[in-house]
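Read through the structure below, which is laid out as structure tokens, and then see the notes.
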2 protein chains.
Amino acid sequence: MAKPKYGIGVDFGGTYVKLALVRFTDRGLKIDGYSKFQTCDYNRDEVIEQLVIRIIKLKAESTYKGNEVKGVGIGMPGRVDFNKGVVCDLTNVPGWKNVPLKDILEKKIKIPVLIDNDANLMALAESKYGAAKGYQNCVCVTLGTGIGGGIILGGKVYRGGSFAAGEIGHMTINENGPLCACGNRGCAERYAGNRYILEEAIKRLRGGARSSLKDKIQGKYSNLTLEMVAAAARKKDAFSMILWQEIGAHVGVVLADVVNLLNPDIIVLGGGVANAGTLILDPIRKTIKERAFKVSRQNLRVGLSKFKHKAGIIGAAAIGVTGKENQ
Amino acid sequence: MAKPKYGIGVDFGGTYVKLALVRFTDRGLKIDGYSKFQTCDYNRDEVIEQLVIRIIKLKAESTYKGNEVKGVGIGMPGRVDFNKGVVCDLTNVPGWKNVPLKDILEKKIKIPVLIDNDANLMALAESKYGAAKGYQNCVCVTLGTGIGGGIILGGKVYRGGSFAAGEIGHMTINENGPLCACGNRGCAERYAGNRYILEEAIKRLRGGARSSLKDKIQGKYSNLTLEMVAAAARKKDAFSMILWQEIGAHVGVVLADVVNLLNPDIIVLGGGVANAGTLILDPIRKTIKERAFKVSRQNLRVGLSKFKHKAGIIGAAAIGVTGKENQ
């Protein structure tokens with residue numbers, strides 16, 4: 001067995017920044033150290049300071065045990081110039097426009113730092129160690145508040161000409177559909193993003209639809225959650241079952257497009273909405289079968305994320321260990 | 001200046017099989033020899049025999065002049081296993097299921113043969129020598145009877161897990177749209193494929209729409225061609241102008257999807273429908289601007305094919321010269 005390798009992964013989220021020391025061996029990986037803080041507790045410079053302090057601490061713990069940390073990978077919730085290590089812009093965190101984070105950190109922590117978009121790193125984690133292990137061409141889709149994507153082609157992350165590839169949620173499934181926040185009409189996200197699913201459910205319930213959900217929320221529609229809709233569907237509430245079928249069908253349309261365009265070997269689904277499991281997976285698979293070219297879909301696998309909310313931090317640590325040339 | 005290199009390109013179409021001896025130099029390329037025959041004049045084995053005879057002849061002519069042919073590339077109108085050199089299936093030519101064409105030809109002509117899908121080779125030609133020269137990530141779209149695509153990522157052809165990538169025409173722009181021959185609903189091709197454009201125009205003319213086209217066709221709707229609709233639009237026939245705007249908008253929707261997913265550097269348009277030039281290019285650009293993410297579209301170029309109907313044969317010769325490892 002080869003010697004284990006150690007990397008530090010950072011999952012930079014809108015709510016929390018999480019750090020982990022990850023050990024990679026021939027047989028798999030293990031999280032050996034962990035740390036987190038609330039993003040909004042600090043301004044940008046303080047966030048960077050926290051990163052430095054915590055990375056140095058994780059590195060020191062590792063060195064103390066005789067294990068050298070190869071590098072640090074950081075997944076950011078926005079667009080990143082991977083080659084230069086510059087954070088271009090973050091969707092939900094102010095103050096992060098064109099920040100040369102790689103250079104800033106490397107000067108202070110003295111080990112290589114790589115920065116990438118979080119969806120890319122999730123896809124990398126699933127592709128190297130998770131649900132897509134062994135597949136060359138993989139599309140990883142996060143179904144949550146937004147619908148995002150990371151693309152692995154020929155075993156490597158595909159980032160696009162301006163590091164902006166993978167916006168699966170903003171592909172059109174209905175050219176005359178409702179306006180999306182992005183400016184386009186009929187985006188997949190506009191039908192199957194967390195918020196829109198709940199909006200649609202509430203609209204139907206208010207409109208007089210029958211459902212066991214009405215007893216749960218006791219007239220307080222703002223209490224409704226996707227977990228409730230999933231639980232009700234599992235208990236055969238017809239309203240909720242139909243809703244999941246419709247959501248899955250919408251997602252299936254956009255994924256059939258991805259299949260027809262990219263002919264991937266596997267699609268991996270993660271994010272909160274994917275926690276509905278077979279409720280959403282079944283109609284997605286059915287829709288892809290109905291809509292995509294046979295030759296592209298007959299060997300296609302569609303499955304759930306292995307690492308779930310840990311995929312980002314694992315992918316980040318992985319990129320820290322393997323370095324830029326292999327990505 | 002480096003010595004010129006010679007390759008033979010074959011553009012295997014449903015109507016004609018065309019062969020060309022192409023000379024590649026530092027400064028560009030030139031077609032030095034040419035030959036063609038009608039596909040339907042021969043059965044499969046006779047077609048292969050014709051290929052052998054004509055390739056040997058082009059090679060001999062070249063050798064006679066002291067120029068060694070490096071290899072042969074063949075673009076097929078259907079799915080090809082590029083690695084094995086096997087023609088899996090052709091869309092409109094019967095008798096070509098799982099034919100190991102590379103092996104068959106190499107035994108007889110004694111120089112390396114590479115076989116690929118025709119859209120891939122068109123994209124390669126534009127990418128290496130044509131409208132997309134100098135761009136790493138390029139999507140080449142043929143607008144004709146069908147809407148097809150070839151994808152170049154990181155300077156190399158992307159073929160997909162089953163060699164079936166690039167089916168841009170069968171990406172959905174309206175999930176509830178009309179049924180397409182492929183089994184899906186609301187495919188882009190169902191709105192902007194040659195045949196459907198004419199069907200829609202005739203339906204509107206029959207329905208009483210005013211247009212100068214009515215004088216041209218003298219009541220014989222089957223006489224209507226896309227060239228007529230383009231000519232009328234250029235002479236400011238409102239009916240025809242609106243039609244091109246609508247077609248361009250439909251194509252723009254699916255291309256905005258491609259932009260949001262792949263963030264390419266350039267999109268190159270070819271095929272008969274693209275001969276309409278700015279009539280279709282302008283609404284395509286406008287729609288991409290309205291619908292795609294700013295960061296992905298602001299540096300994007302959208303232009304017309306340089307090599308037009310010769311792109312396939314040039315890409316085929318190019319792959320013959322450069323060999324498999326560089327593709």
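Residue numbers start at 1 in each chain; chains themselves are named A, B, ... in the order of the structure tokens; ligands are numbered from 1 in the order shown.
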
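Residue-level contacts from chain A to chain B at 7 Å, counting only C-alpha atoms, read Asn137, Gly160, Gly161, Ser162, Ala164, Ala165, Gly166, Glu167, Ile168, His170, Met171, Thr172, Ile173, Asn174, Glu175, Gly183, Asn184, Val253, Asp257, Asn260, Leu261, Leu262, Asn263, Pro264, Asp265, Glu290, Arg291 and Ser296 of chain A.
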
Pick out the residues sitting within 7 Å of range 306-317 of chain B, and hand them over as a compact mmCIF listing (two decimals) with N, CA and C atoms, in the first residue's frame; count only C-alpha atoms, and ignore anything fewer than 2 positions along from it in its own chain.
# COMPACT_ATOMS: atom_id res chain seq x y z
N GLY B 7 -2.79 14.96 -46.83
CA GLY B 7 -3.76 14.02 -46.30
C GLY B 7 -4.91 13.85 -47.28
N ILE B 8 -5.53 12.67 -47.25
CA ILE B 8 -6.72 12.47 -48.07
C ILE B 8 -7.94 12.54 -47.16
N GLY B 9 -8.89 13.38 -47.54
CA GLY B 9 -10.13 13.50 -46.77
C GLY B 9 -11.29 12.92 -47.55
N VAL B 10 -12.16 12.21 -46.85
CA VAL B 10 -13.36 11.67 -47.48
C VAL B 10 -14.58 12.21 -46.76
N ASP B 11 -15.47 12.82 -47.51
CA ASP B 11 -16.73 13.31 -46.96
C ASP B 11 -17.82 12.37 -47.47
N ALA B 20 -10.84 14.16 -51.39
CA ALA B 20 -9.92 15.23 -51.76
C ALA B 20 -8.53 14.97 -51.21
N VAL B 22 -5.55 16.91 -49.80
CA VAL B 22 -5.39 18.26 -49.24
C VAL B 22 -3.94 18.47 -48.79
N VAL B 72 -5.41 8.90 -44.19
CA VAL B 72 -6.74 9.17 -44.72
C VAL B 72 -7.70 9.41 -43.55
N GLY B 73 -8.53 10.42 -43.66
CA GLY B 73 -9.59 10.63 -42.69
C GLY B 73 -10.93 10.54 -43.39
N ILE B 74 -11.92 9.93 -42.71
CA ILE B 74 -13.23 9.78 -43.34
C ILE B 74 -14.31 10.27 -42.38
N GLY B 75 -15.16 11.17 -42.86
CA GLY B 75 -16.28 11.66 -42.07
C GLY B 75 -17.56 10.96 -42.49
N ASP B 118 -19.11 13.08 -39.13
CA ASP B 118 -18.85 14.23 -40.00
C ASP B 118 -18.92 15.58 -39.26
N LEU B 121 -15.68 16.32 -37.58
CA LEU B 121 -14.61 16.73 -38.48
C LEU B 121 -14.81 18.15 -39.01
N MET B 122 -16.08 18.53 -39.23
CA MET B 122 -16.35 19.92 -39.60
C MET B 122 -15.86 20.85 -38.49
N LEU B 124 -13.62 20.26 -36.30
CA LEU B 124 -12.15 20.22 -36.27
C LEU B 124 -11.55 21.14 -37.33
N ALA B 125 -12.13 21.10 -38.55
CA ALA B 125 -11.63 21.95 -39.64
C ALA B 125 -11.75 23.42 -39.27
N GLU B 126 -12.91 23.81 -38.78
CA GLU B 126 -13.11 25.22 -38.40
C GLU B 126 -12.19 25.61 -37.25
N GLY B 130 -10.11 27.31 -39.63
CA GLY B 130 -11.21 28.14 -40.11
C GLY B 130 -11.67 29.21 -39.14
N ALA B 131 -12.99 29.35 -39.03
CA ALA B 131 -13.60 30.44 -38.27
C ALA B 131 -13.28 30.39 -36.78
N GLY B 270 -22.91 26.60 -39.61
CA GLY B 270 -22.82 26.19 -41.01
C GLY B 270 -24.11 25.52 -41.44
N GLY B 271 -24.10 24.92 -42.63
CA GLY B 271 -25.29 24.24 -43.15
C GLY B 271 -26.15 25.19 -43.97
N LEU B 304 -20.12 32.68 -38.79
CA LEU B 304 -20.44 31.70 -39.82
C LEU B 304 -19.20 30.86 -40.17
N ILE B 319 -7.44 15.22 -40.03
CA ILE B 319 -7.29 14.14 -39.06
C ILE B 319 -6.41 13.03 -39.65
N GLY B 320 -6.47 12.88 -40.97
CA GLY B 320 -5.60 11.91 -41.64
C GLY B 320 -4.14 12.28 -41.48
N VAL B 321 -3.86 13.57 -41.54
CA VAL B 321 -2.48 14.05 -41.44
C VAL B 321 -1.97 14.00 -40.00

Quiz item: Pick from A:Ala231, A:Val273, A:Val80, A:Ala318: nearest to Thr145 in chain A, with only C-alpha atoms counted?
Solution: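 Of all the options, A:Val273 lies closest to Thr145 in chain A.
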
Practice problem: Would you mind listing what lies within 10 Å of Pro112 in chain A as a PyMOL selection string, with only C-alpha atoms counted and same-chain residues fewer than 4 positions away left out? | Solution: chain A and resi 69-73+102-103+105-107+320-321+323-324

Quiz prompt | Shell of 10 Å around Glu246 in chain B, only C-alpha atoms, local chain residues under 4 positions omitted, as a ChimeraX atom specification | solution = /B:191-192,197,240-242,250-252,280,283-284

Quiz item: Between CA of Thr91 in chain A and CA of Gly78 in chain A, what is the distance, to one decimal in Å?
Solution: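 The value is 5.5 Å.
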
Practice problem: Could you find all residues in range 201-326 of chain A that DSSP calls helix (DSSP H, G or I) from the backbone, and write them as a ChimeraX atom specification? | Solution: /A:201-206,213-217,221-223,226-234,238-262,272-276,278-291,294-297,308-322,324-326

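Going from CA of Pro77 in chain B over to CA of Arg285 in chain B, you cover 28.2 Å.
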
Practice problem: For CA of Gly95 in chain A and CA of Asp116 in chain A, determine how far apart the two atoms are, in Å to one decimal place. | Solution: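 Going from CA of Gly95 in chain A over to CA of Asp116 in chain A, I get 17.6 Å.
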